[in-house]
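**Q** Next comes upload_13.txt, compact mmCIF, C-alpha atoms:
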# COMPACT_ATOMS: atom_id res chain seq x y z
CA MET A 587 136.13 110.07 -24.88
CA LYS A 588 136.30 111.50 -28.42
CA LYS A 589 132.62 112.46 -28.26
CA LEU A 590 133.16 114.17 -24.91
CA PHE A 591 136.16 116.09 -26.26
CA THR A 592 134.13 117.24 -29.28
CA SER A 593 131.36 118.50 -26.99
CA PHE A 594 133.81 120.48 -24.90
CA LEU A 595 135.31 121.96 -28.08
CA MET A 596 131.89 123.05 -29.35
CA ILE A 597 131.02 124.67 -26.02
CA PHE A 598 134.36 126.50 -25.97
CA CYS A 599 133.79 127.84 -29.49
CA LEU A 600 130.28 129.03 -28.63
CA LEU A 601 131.48 130.79 -25.50
CA SER A 602 134.27 132.46 -27.46
CA LEU A 603 131.85 133.74 -30.08
CA ASN A 604 129.43 135.05 -27.45
CA ALA A 605 132.21 136.84 -25.61
CA ALA A 606 133.44 138.48 -28.79
CA GLY A 607 129.99 139.62 -29.94
CA PRO A 608 128.66 139.83 -33.49
CA ALA A 609 131.18 139.70 -36.30
CA HIS A 610 130.48 143.27 -37.47
CA THR A 611 131.00 144.60 -33.94
CA ARG A 612 134.35 142.85 -33.61
CA HIS A 613 135.43 144.24 -36.97
CA SER A 614 134.42 147.84 -36.21
CA ALA A 615 135.99 147.77 -32.75
CA ARG A 616 139.39 146.47 -33.89
CA PRO A 617 141.83 149.37 -34.18
CA ALA A 618 143.93 149.44 -37.30
CA ARG A 619 146.78 151.20 -35.60
CA ARG A 620 147.94 151.99 -32.09
CA PHE A 621 151.05 153.89 -31.20
CA ASN A 622 152.56 155.92 -28.37
CA GLN A 623 153.83 159.41 -28.95
CA TYR A 624 155.96 161.62 -26.73
CA ILE A 625 154.42 164.98 -27.45
CA TRP A 626 157.44 167.10 -26.54
CA LYS A 627 159.92 165.12 -28.63
CA GLY A 628 162.16 167.45 -30.60
CA ILE A 629 161.21 170.53 -28.58
CA PRO A 630 164.31 172.02 -26.91
CA GLY A 631 164.17 171.85 -23.14
CA MET A 632 160.89 169.89 -23.08
CA TYR A 633 161.60 166.30 -24.09
CA TYR A 634 162.73 165.29 -20.61
CA HIS A 635 159.15 165.79 -19.38
CA ARG A 636 158.24 162.56 -21.25
CA VAL A 637 154.54 163.34 -21.70
CA LEU A 638 152.91 160.37 -23.43
CA ALA A 639 149.95 160.31 -25.80
CA GLN A 640 148.37 156.89 -26.46
CA VAL A 641 146.88 157.02 -29.95
CA SER A 642 144.33 154.57 -31.34
CA ILE A 643 143.00 154.93 -34.90
CA PRO A 644 140.11 152.71 -36.09
CA GLU A 645 140.15 150.81 -39.34
CA ASN A 646 137.95 153.31 -41.17
CA PRO A 647 138.47 156.68 -39.47
CA ASN A 648 135.74 159.24 -40.11
CA GLY A 649 137.80 162.41 -39.67
CA THR A 650 136.99 162.97 -36.00
CA VAL A 651 139.88 163.05 -33.53
CA VAL A 652 139.14 163.10 -29.79
CA ILE A 653 141.68 163.94 -27.10
CA ILE A 654 140.84 162.21 -23.81
CA CYS A 655 141.88 163.85 -20.53
CA PRO A 656 141.28 161.44 -17.63
CA GLY A 657 140.57 162.80 -14.17
CA GLY A 658 142.46 162.36 -10.93
CA SER A 659 142.32 165.72 -9.12
CA TYR A 660 145.25 167.02 -11.20
CA HIS A 661 147.25 164.69 -8.97
CA HIS A 662 147.14 161.44 -10.95
CA LEU A 663 145.29 159.98 -13.95
CA ASP A 664 142.45 157.44 -13.95
CA ILE A 665 143.40 155.64 -17.14
CA LEU A 666 141.50 152.40 -16.42
CA ASN A 667 138.01 153.84 -15.82
CA GLU A 668 138.11 157.02 -17.84
CA GLY A 669 140.90 156.60 -20.39
CA LEU A 670 140.84 153.18 -22.00
CA PRO A 671 137.05 152.55 -22.06
CA THR A 672 136.49 155.99 -23.59
CA GLN A 673 139.14 155.37 -26.21
CA LYS A 674 137.56 152.05 -27.20
CA TRP A 675 134.11 153.62 -27.38
CA PHE A 676 135.19 156.44 -29.68
CA ASN A 677 137.05 153.96 -31.89
CA ARG A 678 133.80 152.03 -32.29
CA GLN A 679 132.18 155.24 -33.54
CA GLY A 680 134.92 155.64 -36.15
CA ALA A 681 136.84 158.36 -34.33
CA ALA A 682 140.55 158.36 -33.62
CA ALA A 683 141.08 158.68 -29.87
CA ILE A 684 144.12 159.90 -27.97
CA ILE A 685 144.61 159.37 -24.24
CA LEU A 686 146.71 162.29 -23.09
CA ARG A 687 148.83 161.48 -20.05
CA TYR A 688 149.26 165.10 -19.11
CA ARG A 689 151.57 166.08 -16.27
CA THR A 690 150.18 165.91 -12.73
CA ALA A 691 151.10 166.87 -9.18
CA ASN A 692 152.16 163.38 -8.11
CA ARG A 693 155.10 163.85 -10.48
CA GLY A 694 155.85 167.29 -9.10
CA TYR A 695 153.98 169.34 -11.72
CA HIS A 696 151.51 172.20 -11.29
CA TYR A 697 150.16 174.96 -13.55
CA PRO A 698 151.06 175.66 -16.33
CA ALA A 699 152.25 172.12 -17.11
CA MET A 700 148.79 170.62 -17.67
CA MET A 701 147.67 173.45 -19.93
CA GLU A 702 150.92 173.31 -21.88
CA ASP A 703 150.40 169.59 -22.52
CA VAL A 704 146.85 169.84 -23.83
CA LYS A 705 147.80 172.86 -25.95
CA ARG A 706 150.70 170.88 -27.45
CA MET A 707 148.45 167.90 -28.22
CA VAL A 708 145.91 170.14 -29.97
CA GLU A 709 148.72 171.71 -32.00
CA LEU A 710 150.06 168.31 -33.07
CA VAL A 711 146.66 167.17 -34.33
CA ARG A 712 146.03 170.41 -36.19
CA GLU A 713 149.49 170.48 -37.74
CA ARG A 714 149.48 166.86 -38.94
CA PRO A 715 145.91 165.49 -38.86
CA GLU A 716 146.93 162.77 -41.33
CA ASP A 717 148.96 161.19 -38.52
CA TYR A 718 145.67 160.64 -36.68
CA GLY A 719 143.49 159.35 -39.50
CA ALA A 720 142.10 162.69 -40.67
CA ASP A 721 142.95 165.56 -43.00
CA LYS A 722 142.62 169.31 -42.69
CA ALA A 723 139.57 169.41 -44.92
CA ASP A 724 137.34 167.22 -42.75
CA LEU A 725 139.03 167.26 -39.32
CA LYS A 726 136.67 167.49 -36.35
CA LEU A 727 138.75 167.95 -33.21
CA GLY A 728 137.13 167.40 -29.84
CA LEU A 729 138.17 166.93 -26.24
CA ILE A 730 136.52 164.89 -23.50
CA GLY A 731 137.63 165.16 -19.89
CA TYR A 732 136.52 163.76 -16.57
CA SER A 733 136.60 165.53 -13.20
CA ALA A 734 139.86 167.55 -13.18
CA GLY A 735 140.21 166.51 -16.82
CA GLY A 736 136.80 168.13 -17.33
CA HIS A 737 138.25 171.37 -16.00
CA LEU A 738 141.19 170.99 -18.37
CA VAL A 739 139.06 170.47 -21.48
CA THR A 740 136.78 173.36 -20.51
CA TRP A 741 139.88 175.54 -20.27
CA ALA A 742 140.96 174.20 -23.67
CA GLY A 743 137.55 175.01 -25.14
CA ALA A 744 137.80 178.59 -23.90
CA ASN A 745 141.40 179.12 -25.00
CA LEU A 746 142.26 176.69 -27.82
CA HIS A 747 138.89 176.61 -29.64
CA PRO A 748 138.52 172.97 -30.73
CA ASP A 749 135.34 171.96 -32.52
CA PHE A 750 133.67 170.61 -29.38
CA VAL A 751 134.32 169.80 -25.73
CA ILE A 752 132.76 167.26 -23.37
CA PRO A 753 133.30 167.92 -19.64
CA VAL A 754 132.00 165.00 -17.54
CA TYR A 755 131.37 165.60 -13.79
CA PRO A 756 133.92 168.40 -14.13
CA VAL A 757 135.82 170.40 -11.59
CA VAL A 758 134.74 173.92 -12.53
CA THR A 759 135.37 176.54 -9.87
CA MET A 760 138.48 177.24 -7.82
CA ASP A 761 136.41 179.20 -5.30
CA GLN A 762 136.63 178.02 -1.72
CA ASP A 763 132.90 177.48 -1.19
CA ILE A 764 132.27 174.52 -3.50
CA GLY A 765 135.63 174.11 -5.25
CA HIS A 766 137.37 170.75 -5.17
CA ARG A 767 140.24 171.45 -2.80
CA TRP A 768 142.54 168.63 -3.91
CA SER A 769 142.30 169.68 -7.55
CA ARG A 770 142.88 173.31 -6.64
CA LYS A 771 145.97 172.45 -4.58
CA SER A 772 147.35 170.13 -7.29
CA LEU A 773 146.84 172.74 -10.01
CA LEU A 774 147.65 176.00 -8.25
CA GLY A 775 149.59 175.07 -5.13
CA LYS A 776 148.70 175.38 -1.46
CA SER A 777 147.69 179.04 -1.21
CA PRO A 778 146.70 180.62 -4.53
CA ASP A 779 145.61 184.22 -4.28
CA ASP A 780 142.13 185.43 -5.16
CA GLU A 781 143.15 186.60 -8.62
CA THR A 782 144.65 183.20 -9.54
CA ARG A 783 141.63 181.30 -8.23
CA ALA A 784 139.33 183.53 -10.28
CA LEU A 785 141.45 183.08 -13.40
CA PHE A 786 140.97 179.30 -13.28
CA SER A 787 137.35 179.28 -12.15
CA MET A 788 135.89 178.30 -15.49
CA GLU A 789 132.42 179.66 -14.74
CA LYS A 790 134.09 183.08 -14.85
CA ALA A 791 136.07 182.46 -18.03
CA ILE A 792 133.65 181.29 -20.74
CA PRO A 793 134.13 183.40 -23.90
CA ALA A 794 131.49 184.33 -26.45
CA ASP A 795 133.09 181.95 -28.95
CA MET A 796 133.11 178.91 -26.67
CA PRO A 797 132.72 175.80 -28.88
CA PRO A 798 129.68 173.52 -28.57
CA THR A 799 129.78 171.79 -25.20
CA TYR A 800 128.22 168.61 -23.82
CA LEU A 801 128.16 168.81 -20.01
CA LEU A 802 127.24 165.92 -17.74
CA ALA A 803 126.95 165.57 -13.96
CA CYS A 804 125.11 163.61 -11.25
CA HIS A 805 123.21 165.14 -8.36
CA ASP A 806 124.71 162.73 -5.84
CA ASP A 807 128.35 163.30 -6.81
CA PRO A 808 130.28 162.84 -3.54
CA VAL A 809 133.59 164.17 -4.90
CA VAL A 810 132.93 167.24 -7.04
CA ILE A 811 129.87 169.09 -5.80
CA TYR A 812 127.09 169.10 -8.39
CA GLU A 813 126.81 172.89 -8.13
CA ASN A 814 130.08 173.10 -10.10
CA SER A 815 128.24 171.97 -13.23
CA VAL A 816 125.23 174.18 -12.49
CA ARG A 817 127.53 177.20 -12.43
CA LEU A 818 129.22 176.13 -15.65
CA ALA A 819 125.86 175.63 -17.37
CA ALA A 820 124.78 179.13 -16.30
CA ALA A 821 128.02 180.57 -17.69
CA LEU A 822 127.57 178.72 -20.99
CA GLU A 823 124.02 180.02 -21.21
CA ALA A 824 125.13 183.59 -20.52
CA ALA A 825 127.81 183.36 -23.20
CA GLY A 826 125.34 182.12 -25.79
CA THR A 827 127.16 178.80 -26.17
CA ASP A 828 125.58 175.91 -28.05
CA TYR A 829 125.54 173.51 -25.11
CA THR A 830 123.67 170.57 -23.63
CA PHE A 831 123.60 169.93 -19.89
CA THR A 832 122.57 166.36 -19.09
CA ASP A 833 122.19 165.59 -15.40
CA TYR A 834 121.17 162.43 -13.60
CA PRO A 835 119.68 161.80 -10.15
CA TRP A 836 122.39 159.32 -9.20
CA GLY A 837 125.64 157.93 -10.51
CA GLY A 838 128.24 159.46 -8.26
CA HIS A 839 131.68 160.16 -9.66
CA GLY A 840 134.44 158.39 -11.53
CA PHE A 841 132.34 156.03 -13.66
CA GLY A 842 133.89 157.12 -16.95
CA MET A 843 132.70 154.74 -19.65
CA LYS A 844 133.33 151.55 -17.73
CA ASN A 845 130.59 148.90 -17.62
CA CYS A 846 128.86 149.79 -14.35
CA PRO A 847 125.29 150.13 -12.97
CA PHE A 848 125.14 153.79 -13.96
CA LEU A 849 126.08 153.12 -17.59
CA ARG A 850 123.72 150.14 -17.83
CA THR A 851 120.84 152.16 -16.37
CA PHE A 852 121.17 155.49 -18.16
CA HIS A 853 123.30 154.66 -21.24
CA TRP A 854 124.78 158.12 -21.04
CA ASN A 855 127.19 157.50 -23.89
CA ASP A 856 124.29 156.70 -26.23
CA GLN A 857 122.87 160.14 -25.49
CA LEU A 858 126.30 161.62 -26.09
CA LEU A 859 126.47 159.83 -29.45
CA GLU A 860 123.12 161.32 -30.48
CA TRP A 861 124.51 164.77 -29.67
CA LEU A 862 127.69 164.10 -31.68
CA HIS A 863 125.68 162.94 -34.67
CA ARG A 864 123.23 165.83 -34.43
CA HIS A 865 126.12 168.29 -34.60
CA ASN A 866 127.92 166.30 -37.30
CA PHE A 867 130.94 165.92 -35.01
CA CYS A 868 131.07 162.16 -35.49
CA LYS A 869 129.78 160.79 -38.77
CA ASN A 870 127.78 157.57 -38.91
Before anything else, please render the file you have as structure tokens.

**A**
Amino acid sequence: MKKLFTSFLMIFCLLSLNAAGPAHTRHSARPARRFNQYIWKGIPGMYYHRVLAQVSIPENPNGTVVIICPGGSYHHLDILNEGLPTQKWFNRQGAAAIILRYRTANRGYHYPAMMEDVKRMVELVRERPEDYGADKADLKLGLIGYSAGGHLVTWAGANLHPDFVIPVYPVVTMDQDIGHRWSRKSLLGKSPDDETRALFSMEKAIPADMPPTYLLACHDDPVVIYENSVRLAAALEAAGTDYTFTDYPWGGHGFGMKNCPFLRTFHWNDQLLEWLHRHNFCKN
């Protein structure tokens, strides 16, 4: 019986080690500090909105801080597929990562709430980078967003000028031909006029000083028509932006950075990491 118990114990230990991965990987992936932050705390008339930022800082932060804007058609937020896996991945690269739970339509919010929230988060990082594992001398501030969150970070790139932006299968246009109707309704209401739709069609709003942009989309996207990203890429090209447009024949929508067939086949985040290193946005 004792021999049998010892065998079971050895098997359990081996399985535990295999599940955890190599020792250096476990060490680098373990965050030194996690905390939640209500971004409107102390701002008169705003605290009751209760907008939460989930902050995770790795053990040895490299000066890069990334704000993550999950998708969800501006109606809700896909934290599980697009928020948490992305945060863990950036932590493994040495970057502090902040999941921004910006306001959405399922809580009764429309424009300008979402834009106010991402602007406030950018301001907080820039004002006190030391709170997020960086300092003003070496801070690299980036934003990554998925779907409607991709629209939000593209807007932020055009208006708030972070160091880099990463829109992934983004909502881009508010036009009626290929625009994502649910996102448009959640952001702008049921019947926005032509001027309002044009104002938030990001392919019409890319400035000459747009920060470096990494754009990703799949041809078979059944939710946000692939042409959205084609139009954005054309606008980035016309503006002279330093950008990369990586597209894939299949993958659909909503994969985020979760472990799925698309990620295992194309390793899209490895290609993203090469881009980050090449631009010195995320140090080795």

**Q** When distances are computed from all atoms listed in the file, which of A:Gly631, A:Gly694, A:Pro756, A:Pro778 shows the smallest separation from Phe831 in chain A?

**A**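 Between A:Gly631, A:Gly694, A:Pro756, A:Pro778, the residue approaching Phe831 in chain A most closely is A:Pro756.
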
**Q** Take the point (150.0, 169.1, -15.9) in the file's coordinates, draw a sphere of radius 6 Å around it, and report as a PyMOL selection string every protein, DNA or RNA residue with an atom inside or on it, counting all atoms listed in the file.

**A** chain A and resi 688-690+695-696+699-700

**Q** Could you tell me which of A:Ile792, A:Met701, A:Ile643, A:Cys846 comes closest to Asp717 in chain A if we count only C-alpha atoms?

**A**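 Closest residue, counting only C-alpha atoms: A:Ile643.
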
**Q** In Å, with one decimal, what is the gap from CA of Trp768 in chain A to CA of Val751 in chain A?

**A**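 Distance between the two atoms: 23.3 Å.
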
**Q** Would you work out the distance separating CA of Ala791 in chain A from CA of Thr740 in chain A, expressed in Å to one decimal?

**A** 9.5 Å

**Q** Which polymer residues have any atom within 12 Å of an atom of Gly735 in chain A, counting only C-alpha atoms, with same-chain residues fewer than 6 positions away left out, as a ChimeraX atom specification?

**A** /A:653-665,668-669,685-690,700-701,704,729,741-742,751-758,769,773,840,842

**Q** Please indicate the distance in Å from CA of Val652 in chain A to CA of Trp854 in chain A, rounded to one decimal place.

**A**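 According to the coordinates, CA of Val652 in chain A and CA of Trp854 in chain A are separated by 17.5 Å.
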
**Q** Up to 12 Å from (137.8, 152.9, -26.4) in the file's coordinates: name the residues, counting all atoms listed in the file, as a PyMOL selection string.

**A** chain A and resi 614-617+620+640-644+652-654+665-685+842-844+855

**Q** Output the selection as a tab-separated table (two decimals), keeping the file's coordinate frame - C-alpha atoms for each residue.

**A**
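part_32.tsv, freshly written:
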chain	number	residue	atom	x	y	z
A	614	SER	CA	134.42	147.84	-36.21
A	615	ALA	CA	135.99	147.77	-32.75
A	616	ARG	CA	139.39	146.47	-33.89
A	617	PRO	CA	141.83	149.37	-34.18
A	620	ARG	CA	147.94	151.99	-32.09
A	640	GLN	CA	148.37	156.89	-26.46
A	641	VAL	CA	146.88	157.02	-29.95
A	642	SER	CA	144.33	154.57	-31.34
A	643	ILE	CA	143.00	154.93	-34.90
A	644	PRO	CA	140.11	152.71	-36.09
A	652	VAL	CA	139.14	163.10	-29.79
A	653	ILE	CA	141.68	163.94	-27.10
A	654	ILE	CA	140.84	162.21	-23.81
A	665	ILE	CA	143.40	155.64	-17.14
A	666	LEU	CA	141.50	152.40	-16.42
A	667	ASN	CA	138.01	153.84	-15.82
A	668	GLU	CA	138.11	157.02	-17.84
A	669	GLY	CA	140.90	156.60	-20.39
A	670	LEU	CA	140.84	153.18	-22.00
A	671	PRO	CA	137.05	152.55	-22.06
A	672	THR	CA	136.49	155.99	-23.59
A	673	GLN	CA	139.14	155.37	-26.21
A	674	LYS	CA	137.56	152.05	-27.20
A	675	TRP	CA	134.11	153.62	-27.38
A	676	PHE	CA	135.19	156.44	-29.68
A	677	ASN	CA	137.05	153.96	-31.89
A	678	ARG	CA	133.80	152.03	-32.29
A	679	GLN	CA	132.18	155.24	-33.54
A	680	GLY	CA	134.92	155.64	-36.15
A	681	ALA	CA	136.84	158.36	-34.33
A	682	ALA	CA	140.55	158.36	-33.62
A	683	ALA	CA	141.08	158.68	-29.87
A	684	ILE	CA	144.12	159.90	-27.97
A	685	ILE	CA	144.61	159.37	-24.24
A	842	GLY	CA	133.89	157.12	-16.95
A	843	MET	CA	132.70	154.74	-19.65
A	844	LYS	CA	133.33	151.55	-17.73
A	855	ASN	CA	127.19	157.50	-23.89

**Q** Given all atoms listed in the file as the basis, pick out the residue of A:Pro793, A:Asn692, A:Thr650, A:Asp780 nearest to Leu862 in chain A.

**A**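 Among the listed residues, the smallest separation from Leu862 in chain A belongs to A:Thr650.
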